[in-house]
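Asker: Contents of query_30.txt (compact mmCIF, C-alpha atoms) are below:
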```
# COMPACT_ATOMS: atom_id res chain seq x y z
CA MET A 15 108.48 51.09 119.05
CA HIS A 16 110.42 52.52 116.11
CA LYS A 17 110.63 50.06 113.22
CA VAL A 18 114.03 50.57 111.57
CA ILE A 19 115.82 49.38 108.45
CA PHE A 20 119.52 50.06 108.96
CA ASP A 21 121.29 50.72 105.64
CA THR A 22 124.96 50.34 106.42
CA ASP A 23 128.51 49.60 105.24
CA PRO A 24 130.18 48.00 108.32
CA GLY A 25 132.63 49.69 109.11
CA VAL A 26 133.78 50.36 112.66
CA ASP A 27 131.43 53.20 113.60
CA ASP A 28 128.66 51.29 111.82
CA ALA A 29 129.23 48.42 114.26
CA MET A 30 128.76 50.71 117.25
CA ALA A 31 125.58 52.15 115.71
CA LEU A 32 124.26 48.65 115.02
CA LEU A 33 124.79 47.63 118.64
CA PHE A 34 122.95 50.79 119.75
CA LEU A 35 119.98 49.89 117.56
CA HIS A 36 120.01 46.29 118.79
CA ASN A 37 120.15 47.28 122.45
CA HIS A 38 117.73 50.21 122.58
CA PRO A 39 114.39 49.17 124.11
CA GLU A 40 112.32 51.44 121.87
CA ILE A 41 113.78 50.20 118.56
CA ASP A 42 112.55 47.24 116.52
CA LEU A 43 115.33 46.50 114.04
CA VAL A 44 113.42 44.89 111.16
CA GLY A 45 116.24 44.70 108.62
CA ILE A 46 119.87 45.39 107.79
CA THR A 47 120.71 46.33 104.21
CA THR A 48 124.31 46.53 103.07
CA VAL A 49 126.01 49.01 100.78
CA PHE A 50 129.60 49.48 99.67
CA GLY A 51 131.73 52.29 101.13
CA ASN A 52 133.94 51.47 104.08
CA ALA A 53 134.77 48.30 102.16
CA SER A 54 133.50 46.37 99.14
CA ILE A 55 129.92 45.08 99.12
CA GLU A 56 131.21 41.55 99.65
CA THR A 57 133.12 42.63 102.77
CA THR A 58 130.42 44.86 104.25
CA THR A 59 127.82 42.12 103.79
CA ARG A 60 130.10 39.54 105.41
CA ASN A 61 130.67 41.96 108.27
CA ALA A 62 126.94 42.53 108.76
CA LEU A 63 126.40 38.77 109.00
CA PHE A 64 129.33 38.47 111.42
CA LEU A 65 127.93 41.14 113.75
CA LYS A 66 124.44 39.61 113.48
CA ARG A 67 125.86 36.28 114.59
CA GLU A 68 128.10 37.57 117.36
CA TRP A 69 125.47 39.84 118.91
CA GLY A 70 122.46 37.59 118.39
CA ILE A 71 120.61 40.04 116.15
CA ALA A 72 117.39 38.65 114.71
CA ALA A 73 116.97 41.09 111.82
CA PRO A 74 117.57 39.70 108.31
CA VAL A 75 120.48 40.97 106.22
CA ALA A 76 119.90 41.91 102.56
CA ARG A 77 122.85 42.56 100.25
CA GLY A 78 123.07 45.67 98.11
CA ASP A 79 124.08 45.63 94.46
CA GLY A 80 127.45 47.20 95.16
CA LYS A 81 127.23 49.78 92.41
CA THR A 82 126.66 53.51 92.27
CA TYR A 83 123.41 55.09 91.09
CA ASN A 84 125.28 56.51 88.12
CA PRO A 85 126.90 53.42 86.54
CA MET A 86 129.65 55.57 85.01
CA ARG A 87 131.09 56.24 88.47
CA ASN A 88 133.74 53.88 89.80
CA PRO A 89 134.25 53.41 93.55
CA VAL A 90 137.48 54.82 94.91
CA ASP A 91 139.92 52.66 96.85
CA TRP A 92 138.47 51.37 100.11
CA PRO A 93 139.58 53.35 103.21
CA VAL A 94 141.69 50.56 104.71
CA MET A 95 143.72 53.11 106.66
CA ILE A 96 140.56 53.93 108.66
CA HIS A 97 138.59 50.68 108.93
CA GLY A 98 141.29 48.09 108.21
CA HIS A 99 141.53 45.52 105.44
CA ASP A 100 138.61 43.54 106.85
CA GLY A 101 136.48 46.64 107.41
CA LEU A 102 136.28 45.93 111.14
CA GLY A 103 139.62 47.12 112.45
CA ASN A 104 141.73 44.15 111.31
CA ILE A 105 140.32 41.74 113.91
CA ASP A 106 140.56 38.85 111.39
CA VAL A 107 136.87 38.41 110.65
CA PRO A 108 136.28 34.92 109.18
CA GLU A 109 136.13 34.84 105.39
CA THR A 110 132.67 33.28 105.40
CA ILE A 111 129.83 33.41 107.91
CA ASP A 112 127.42 30.47 108.01
CA LEU A 113 124.23 32.52 108.06
CA PRO A 114 121.76 32.97 105.20
CA LEU A 115 121.13 36.27 103.45
CA ASP A 116 117.64 37.47 102.68
CA PRO A 117 117.03 36.40 99.07
CA ARG A 118 115.97 39.88 97.98
CA PRO A 119 118.41 42.59 96.90
CA ALA A 120 118.61 45.43 99.41
CA HIS A 121 116.47 47.90 97.46
CA ARG A 122 113.71 45.32 96.97
CA PHE A 123 113.86 44.41 100.68
CA ILE A 124 113.35 48.11 101.49
CA ILE A 125 110.40 48.41 99.11
CA GLU A 126 108.59 45.30 100.33
CA THR A 127 109.19 46.01 104.02
CA VAL A 128 107.95 49.59 103.72
CA ARG A 129 104.85 48.49 101.77
CA ALA A 130 104.11 45.84 104.39
CA ASN A 131 104.34 48.48 107.15
CA PRO A 132 102.96 51.72 105.65
CA GLY A 133 103.85 54.80 107.65
CA ALA A 134 105.78 52.81 110.24
CA VAL A 135 109.34 52.24 108.95
CA THR A 136 112.25 54.63 109.47
CA LEU A 137 115.23 54.24 107.15
CA ILE A 138 118.55 55.01 108.82
CA ALA A 139 121.26 55.21 106.14
CA VAL A 140 124.87 55.57 107.26
CA GLY A 141 126.73 54.78 104.04
CA ARG A 142 126.23 55.61 100.38
CA MET A 143 122.62 56.39 99.50
CA SER A 144 122.66 53.89 96.60
CA ASN A 145 120.12 51.39 97.99
CA LEU A 146 117.62 54.12 98.87
CA ALA A 147 117.96 55.71 95.44
CA TYR A 148 117.45 52.37 93.68
CA ALA A 149 114.37 51.72 95.82
CA LEU A 150 112.93 55.12 94.86
CA LYS A 151 113.69 54.54 91.19
CA GLU A 152 111.91 51.16 91.16
CA ASP A 153 108.97 52.23 93.33
CA PRO A 154 108.63 56.02 93.76
CA GLY A 155 105.44 55.50 95.76
CA ILE A 156 107.36 54.32 98.82
CA ALA A 157 108.32 57.94 99.54
CA GLY A 158 104.80 58.51 100.82
CA LEU A 159 104.90 55.37 102.97
CA VAL A 160 108.22 55.80 104.80
CA LYS A 161 107.91 57.36 108.25
CA GLU A 162 111.28 59.14 108.12
CA VAL A 163 114.72 58.93 106.54
CA ILE A 164 117.71 59.69 108.77
CA ILE A 165 121.04 60.04 107.00
CA MET A 166 124.56 60.16 108.37
CA GLY A 167 126.36 62.23 105.80
CA GLY A 168 127.02 65.65 104.42
CA ALA A 169 128.61 68.85 105.67
CA PHE A 170 126.80 72.17 105.52
CA ASP A 171 128.59 74.85 107.55
CA VAL A 172 131.87 72.97 108.03
CA PRO A 173 134.43 71.45 105.62
CA GLY A 174 134.08 67.92 104.31
CA ASN A 175 136.26 65.01 105.35
CA ILE A 176 137.20 63.51 101.98
CA THR A 177 137.53 66.81 100.11
CA PRO A 178 137.21 70.36 101.43
CA ALA A 179 133.69 70.38 100.00
CA ALA A 180 132.35 66.87 100.62
CA GLU A 181 131.72 64.25 103.28
CA ALA A 182 132.65 60.68 102.32
CA ASN A 183 129.22 59.00 102.32
CA ILE A 184 127.75 61.63 100.01
CA HIS A 185 130.88 61.92 97.88
CA GLY A 186 130.80 58.18 97.20
CA ASP A 187 127.49 58.38 95.31
CA PRO A 188 126.34 61.99 94.95
CA GLU A 189 123.68 61.27 92.32
CA ALA A 190 122.03 58.81 94.71
CA ALA A 191 122.23 61.32 97.56
CA ASP A 192 120.61 64.04 95.47
CA ALA A 193 117.77 61.67 94.53
CA VAL A 194 117.20 60.89 98.21
CA MET A 195 117.37 64.50 99.39
CA THR A 196 114.91 65.74 96.77
CA ALA A 197 112.33 62.93 97.11
CA PRO A 198 108.97 63.75 98.75
CA TRP A 199 109.66 62.10 102.08
CA LYS A 200 110.90 63.47 105.39
CA VAL A 201 114.72 63.52 105.52
CA VAL A 202 116.95 64.49 108.44
CA VAL A 203 120.66 64.83 107.63
CA VAL A 204 123.03 64.23 110.53
CA GLY A 205 126.36 65.36 109.14
CA LEU A 206 129.81 66.54 110.11
CA ASP A 207 128.39 69.78 111.54
CA VAL A 208 127.34 67.74 114.59
CA THR A 209 129.04 64.34 114.47
CA MET A 210 132.56 65.75 114.79
CA LYS A 211 131.60 66.96 118.28
CA THR A 212 130.98 63.41 119.59
CA VAL A 213 134.04 61.46 120.68
CA MET A 214 134.21 58.03 122.30
CA THR A 215 137.58 57.95 124.02
CA ARG A 216 139.61 54.77 124.40
CA LYS A 217 139.36 55.15 128.19
CA ARG A 218 135.58 55.59 128.09
CA LEU A 219 135.15 52.54 125.87
CA ALA A 220 137.31 50.47 128.21
CA GLU A 221 135.17 51.50 131.17
CA LEU A 222 131.99 50.58 129.29
CA THR A 223 133.48 47.22 128.36
CA GLU A 224 134.06 46.45 132.03
CA ARG A 225 130.32 46.98 132.58
CA ASN A 226 129.19 44.80 129.68
CA GLY A 227 132.03 42.60 128.51
CA ARG A 228 129.87 40.20 126.52
CA HIS A 229 129.02 42.56 123.69
CA LEU A 230 131.41 45.43 124.22
CA LYS A 231 134.61 43.37 124.21
CA LEU A 232 134.07 42.72 120.51
CA LEU A 233 133.13 46.36 119.87
CA SER A 234 136.21 47.51 121.76
CA ASP A 235 138.47 45.19 119.73
CA ILE A 236 136.94 46.44 116.49
CA SER A 237 137.37 50.08 117.52
CA GLN A 238 141.07 50.15 118.45
CA PHE A 239 142.34 50.52 114.87
CA TYR A 240 139.80 53.30 114.23
CA ILE A 241 140.83 55.09 117.42
CA ASP A 242 144.47 54.94 116.28
CA PHE A 243 143.43 56.69 113.05
CA TYR A 244 141.29 59.33 114.75
CA GLY A 245 144.01 60.08 117.26
CA ARG A 246 145.38 62.49 114.66
CA HIS A 247 142.09 64.31 114.31
CA VAL A 248 140.55 64.65 117.80
CA GLN A 249 141.97 66.09 120.98
CA ASP A 250 141.40 63.09 123.20
CA GLU A 251 142.51 59.58 122.27
CA GLY A 252 139.23 58.45 120.80
CA MET A 253 136.95 58.02 117.80
CA VAL A 254 134.17 60.13 116.36
CA VAL A 255 130.85 58.25 116.56
CA HIS A 256 129.37 59.50 113.29
CA ASP A 257 126.86 56.72 112.61
CA SER A 258 125.63 56.41 116.18
CA CYS A 259 124.54 60.06 116.05
CA ALA A 260 122.05 59.26 113.29
CA CYS A 261 120.61 56.42 115.38
CA ILE A 262 120.41 58.57 118.49
CA TYR A 263 118.50 61.24 116.57
CA LEU A 264 115.72 58.69 116.09
CA VAL A 265 115.03 58.33 119.81
CA ALA A 266 116.22 61.73 121.08
CA PRO A 267 115.71 64.40 118.40
CA GLU A 268 115.49 67.03 121.14
CA LEU A 269 119.28 66.71 121.57
CA PHE A 270 119.80 68.17 118.08
CA THR A 271 119.14 71.55 116.48
CA THR A 272 117.97 71.38 112.88
CA ARG A 273 117.54 73.88 110.06
CA PRO A 274 114.77 73.39 107.50
CA GLY A 275 115.21 73.91 103.78
CA ALA A 276 115.59 72.18 100.44
CA ILE A 277 118.86 70.27 100.03
CA ARG A 278 120.76 69.50 96.84
CA VAL A 279 123.96 67.55 96.23
CA VAL A 280 126.60 68.67 93.75
CA ALA A 281 127.49 65.98 91.18
CA GLY A 282 130.72 66.71 89.32
CA GLY A 283 133.52 69.23 89.41
CA ILE A 284 135.74 70.23 92.30
CA ALA A 285 132.75 70.37 94.69
CA ASP A 286 131.58 66.84 93.79
CA GLY A 287 129.47 65.54 96.67
CA GLN A 288 128.92 68.87 98.41
CA THR A 289 125.61 69.21 100.28
CA ILE A 290 123.97 72.62 99.91
CA GLN A 291 120.84 73.77 101.69
CA LYS A 292 118.51 76.61 100.76
CA PRO A 293 117.20 77.62 104.21
CA ASP A 294 113.47 78.20 104.35
CA THR A 295 114.14 81.58 105.94
CA ARG A 296 116.01 82.89 102.87
CA THR A 297 114.72 83.92 99.48
CA PHE A 298 116.68 83.68 96.23
CA PRO A 299 115.96 84.16 92.55
CA PRO A 300 114.41 81.12 90.83
CA GLY A 301 116.79 78.17 90.68
CA ASN A 302 117.45 74.46 91.16
CA TRP A 303 116.22 74.42 94.78
CA ASP A 304 112.69 75.55 93.94
CA ASP A 305 109.61 73.33 94.38
CA LEU A 306 111.56 70.75 96.37
CA PRO A 307 110.60 69.37 99.80
CA SER A 308 112.00 71.12 102.85
CA GLN A 309 114.36 68.72 104.63
CA HIS A 310 116.21 69.14 107.92
CA ALA A 311 119.96 69.54 108.35
CA CYS A 312 121.40 69.11 111.83
CA ILE A 313 123.48 72.14 112.77
CA GLY A 314 123.67 71.79 116.57
CA ILE A 315 124.00 69.01 119.11
CA ASP A 316 124.09 68.47 122.87
CA ALA A 317 127.14 66.24 122.58
CA GLU A 318 127.38 65.44 126.29
CA LYS A 319 123.81 64.12 126.48
CA VAL A 320 124.19 62.25 123.19
CA MET A 321 127.26 60.45 124.51
CA ALA A 322 125.53 59.69 127.81
CA LEU A 323 122.62 58.07 125.96
CA LEU A 324 125.07 56.11 123.81
CA ASP A 325 126.88 54.86 126.93
CA GLU A 326 123.64 53.86 128.63
CA THR A 327 122.39 51.94 125.62
CA LEU A 328 125.62 50.15 124.73
CA VAL A 329 125.90 48.60 128.18
CA ARG A 330 122.27 47.37 128.35
```
Just dump the structure as structure tokens.

Answerer:
Amino acid sequence: MHKVIFDTDPGVDDAMALLFLHNHPEIDLVGITTVFGNASIETTTRNALFLKREWGIAAPVARGDGKTYNPMRNPVDWPVMIHGHDGLGNIDVPETIDLPLDPRPAHRFIIETVRANPGAVTLIAVGRMSNLAYALKEDPGIAGLVKEVIIMGGAFDVPGNITPAAEANIHGDPEAADAVMTAPWKVVVVGLDVTMKTVMTRKRLAELTERNGRHLKLLSDISQFYIDFYGRHVQDEGMVVHDSCACIYLVAPELFTTRPGAIRVVAGGIADGQTIQKPDTRTFPPGNWDDLPSQHACIGIDAEKVMALLDETLVR
């Protein structure tokens, strides 16, 4: 079993990824930590509690601080045109959810859970890297105790999606992302190079819903607004399943091609949030990528098999 803490900002594609984690028989979801991004921290935390209640998820939810690693940065406007005003596709999520939060802030929840399970916990982060960076800052020793960190974010050999240089999750807190990428733990970055090749069409989602109406009816309702947005960006009428790709990497890494090398994140200027890798196969004069851990960037994907595994797991 893979013990997983899911660091998330629900978010439509986050909801699909959460259901994948909940349904997969080889995954033990031990915690959900919330971060701002697709909506404010108040909204993403409410949404995590809502999905926990509706899908009968046992894992505790811990709220993030809702601030960037660099306190001088201010969050940009929330992407309501993508995820809706409620963060879940304008399905009118209740204002309050009668479920308790874990009393610990998200970064402290991460620290204590990792220390209680040394070498066993994988962190899957599909929003800003703020919670992970705060956990590292408070307790750098956890880097040697985490099994793996899987990130949905970044763009290496393709353009970004919020600027030509940057992907949105990384752009939202680049200082945090750089701290995470350069820490001495194993990081796999599942970014736009591969996620943009995975599309859940409206027709496909409807067919899945017929097979498992109980859970997928809600997911389908949440996804319609997102599909309307992505209709301008993908060939078929569908949505790109960014966050699910990071979760699928955990159980099927053989479906991805990765490239090893140190990774840095640009903080400031017109390339703010850009992810840059120094491949292990290349040599350069001394610079800011030296003496850093070699991490893995996903540069290839078997999209058909990834989507088949997603289908199979969502309808369980």

Asker: Using all atoms listed in the file, I'd like a table of the residues in region 229-267 of chain A that come within 9 Å of region 34-42 of chain A; for each, show the closest atom pair and its distance in Å rounded to one decimal, ordered by chain and ascending number, as a tab-separated table.

Answerer:
```
residue	atom	partner	partner_atom	distance
A:Ser258	CA	A:Phe34	CA	7.2
A:Cys261	CA	A:Leu35	CA	6.9
A:Ile262	CA	A:Phe34	CA	8.3
A:Val265	CA	A:Glu40	CA	7.7
```

Asker: So how far away is CA of Thr289 (chain A) from CA of Leu159 (chain A), in Å?

Answerer: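 Computed distance, CA of Leu159 (chain A) to CA of Thr289 (chain A), equals 25.1 Å.
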
Asker: When distances are computed from only C-alpha atoms, which of A:Lys292, A:Leu146, A:Arg216, A:Leu306 shows the smallest separation from Ile236 (chain A)?

Answerer: A:Arg216

Asker: If we count only C-alpha atoms, what is near region 114-120 of chain A at a cut-off of 7 Å, once residues fewer than 6 positions away on the same chain are taken out, given as a PyMOL selection string?

Answerer: chain A and resi 47-48+74-79+145

Asker: Please list as a list in words every residue within 8 Å of region 107-111 of chain A, counting only C-alpha atoms and excluding residues in the same chain fewer than 5 positions away.

Answerer: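 In the requested format, the answer is Arg60, Asn61, Leu63, Phe64, Asp100 and Leu102 of chain A.
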
Asker: Please write as a PyMOL selection string the list of polymer residues whose atoms come within 10 Å of (122.0, 70.0, 115.5), counting all atoms listed in the file and keeping to the coordinates of the file.

Answerer: chain A and resi 203-205+207-209+263+267-273+310-317

Asker: Closest to Gly141 (chain A) among A:Trp303, A:Trp69, A:Phe298, A:Phe50, using only C-alpha atoms?

Answerer: A:Phe50

Asker: So how far away is CA of Met143 (chain A) from CA of Phe239 (chain A), in Å?

Answerer: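 CA of Met143 (chain A) lies at a distance of 25.7 Å from CA of Phe239 (chain A).
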
Asker: Of the candidates A:Met210, A:Val49, A:Val26, A:Met86, which one gets nearest to Asn104 (chain A) if we count only C-alpha atoms?

Answerer: A:Val26

Asker: First collect every listed atom of region 133-150 of chain A; then fit an axis-aligned box around them, widen it by 5 Å on each side, and give centre and edge lengths in Å to one decimal, as JSON.

Answerer:
```
{"center_x": 115.3, "center_y": 53.9, "center_z": 102.0, "size_x": 32.9, "size_y": 15.0, "size_z": 26.6}
```

Asker: For CA of Asp325 (chain A) and CA of Met30 (chain A), quote the distance in Å rounded to one decimal.

Answerer: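 Computed distance, CA of Asp325 (chain A) to CA of Met30 (chain A), equals 10.7 Å.
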
Asker: Taking 4 positions as the minimum chain separation for residues in the same chain, which residues sit within 12 Å of Ser308 (chain A) when counting only C-alpha atoms? Answer as number ranges by chain.

Answerer: A: 195-203, 272-278, 291-295, 303-304

Asker: With a distance cut-off of 10 Å and all atoms listed in the file, select the neighbouring residues of Asn84 (chain A), excluding the residue or stretch itself and same-chain residues fewer than 3 positions from it, and output the selection as a VMD selection string.

Answerer: chain A and resid 81 87 to 88 144 187 to 190

Asker: Enumerate, as a PyMOL selection string, the protein, DNA and RNA residues whose atoms approach (102.0, 49.0, 106.2) to within 12 Å, taking into account all atoms listed in the file and the coordinate frame of the file.

Answerer: chain A and resi 17+125-135+156+158-161

Asker: Near Val254 (chain A), counting only C-alpha atoms, which residues have an atom at most 8 Å away, once you skip same-chain residues fewer than 3 positions from it, shown as an MDAnalysis selection string?

Answerer: chainID A and resid 27 209:214 244 248

Asker: Which residue is closest to Ala147 (chain A)? Choose from A:Tyr240, A:Asp21, A:Leu232, A:Leu65 and count only C-alpha atoms.

Answerer: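 Selected residue with least distance to Ala147 (chain A): A:Asp21.
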
Asker: Save region 200-211 of chain A from what I just supplied, as a compact mmCIF listing (two decimals), in the first residue's frame, atoms limited to all heavy atoms.

Answerer:
```txt
# COMPACT_ATOMS: atom_id res chain seq x y z
N LYS A 200 13.42 12.83 -2.95
CA LYS A 200 13.14 12.42 -4.32
C LYS A 200 11.89 13.14 -4.82
O LYS A 200 10.81 12.99 -4.25
CB LYS A 200 12.93 10.91 -4.40
CG LYS A 200 12.61 10.40 -5.80
CD LYS A 200 12.34 8.89 -5.80
CE LYS A 200 11.95 8.40 -7.19
NZ LYS A 200 11.63 6.95 -7.19
N VAL A 201 12.05 13.92 -5.90
CA VAL A 201 10.93 14.67 -6.48
C VAL A 201 10.71 14.21 -7.92
O VAL A 201 11.67 14.07 -8.69
CB VAL A 201 11.20 16.19 -6.46
CG1 VAL A 201 10.07 16.93 -7.17
CG2 VAL A 201 11.36 16.69 -5.04
N VAL A 202 9.45 13.99 -8.27
CA VAL A 202 9.05 13.74 -9.65
C VAL A 202 8.07 14.84 -10.03
O VAL A 202 7.08 15.06 -9.33
CB VAL A 202 8.38 12.37 -9.83
CG1 VAL A 202 7.94 12.18 -11.28
CG2 VAL A 202 9.32 11.26 -9.40
N VAL A 203 8.34 15.55 -11.12
CA VAL A 203 7.51 16.66 -11.56
C VAL A 203 6.69 16.23 -12.77
O VAL A 203 7.25 15.89 -13.82
CB VAL A 203 8.36 17.90 -11.90
CG1 VAL A 203 7.45 19.08 -12.22
CG2 VAL A 203 9.29 18.25 -10.74
N VAL A 204 5.39 16.20 -12.60
CA VAL A 204 4.47 15.82 -13.67
C VAL A 204 3.82 17.11 -14.17
O VAL A 204 2.87 17.62 -13.57
CB VAL A 204 3.40 14.83 -13.14
CG1 VAL A 204 2.50 14.35 -14.29
CG2 VAL A 204 4.06 13.65 -12.44
N GLY A 205 4.37 17.66 -15.24
CA GLY A 205 3.95 18.97 -15.68
C GLY A 205 3.23 18.97 -17.02
O GLY A 205 2.78 17.93 -17.52
N LEU A 206 3.14 20.16 -17.59
CA LEU A 206 2.36 20.34 -18.82
C LEU A 206 2.93 19.56 -20.00
O LEU A 206 2.21 19.28 -20.96
CB LEU A 206 2.30 21.83 -19.18
CG LEU A 206 1.66 22.75 -18.15
CD1 LEU A 206 1.61 24.18 -18.69
CD2 LEU A 206 0.26 22.29 -17.75
N ASP A 207 4.21 19.18 -19.94
CA ASP A 207 4.81 18.38 -21.01
C ASP A 207 4.02 17.10 -21.24
O ASP A 207 3.96 16.59 -22.36
CB ASP A 207 6.25 18.02 -20.65
CG ASP A 207 7.12 19.23 -20.43
OD1 ASP A 207 6.94 19.90 -19.39
OD2 ASP A 207 7.97 19.52 -21.28
N VAL A 208 3.41 16.56 -20.17
CA VAL A 208 2.66 15.30 -20.29
C VAL A 208 1.17 15.47 -20.02
O VAL A 208 0.35 14.82 -20.66
CB VAL A 208 3.25 14.21 -19.38
CG1 VAL A 208 4.67 13.87 -19.81
CG2 VAL A 208 3.23 14.61 -17.91
N THR A 209 0.80 16.34 -19.09
CA THR A 209 -0.62 16.40 -18.71
C THR A 209 -1.51 16.90 -19.84
O THR A 209 -2.67 16.49 -19.95
CB THR A 209 -0.83 17.28 -17.47
OG1 THR A 209 -0.50 18.64 -17.77
CG2 THR A 209 0.00 16.80 -16.30
N MET A 210 -0.97 17.77 -20.69
CA MET A 210 -1.80 18.32 -21.77
C MET A 210 -2.17 17.28 -22.81
O MET A 210 -3.01 17.54 -23.69
CB MET A 210 -1.08 19.49 -22.44
CG MET A 210 -1.01 20.74 -21.59
SD MET A 210 -2.62 21.41 -21.11
CE MET A 210 -3.30 21.84 -22.70
N LYS A 211 -1.61 16.08 -22.70
CA LYS A 211 -1.93 15.00 -23.63
C LYS A 211 -3.04 14.10 -23.09
O LYS A 211 -3.40 13.11 -23.75
CB LYS A 211 -0.68 14.17 -23.91
CG LYS A 211 0.45 14.99 -24.56
CD LYS A 211 1.74 14.20 -24.70
CE LYS A 211 2.85 15.06 -25.28
NZ LYS A 211 4.15 14.33 -25.36
```
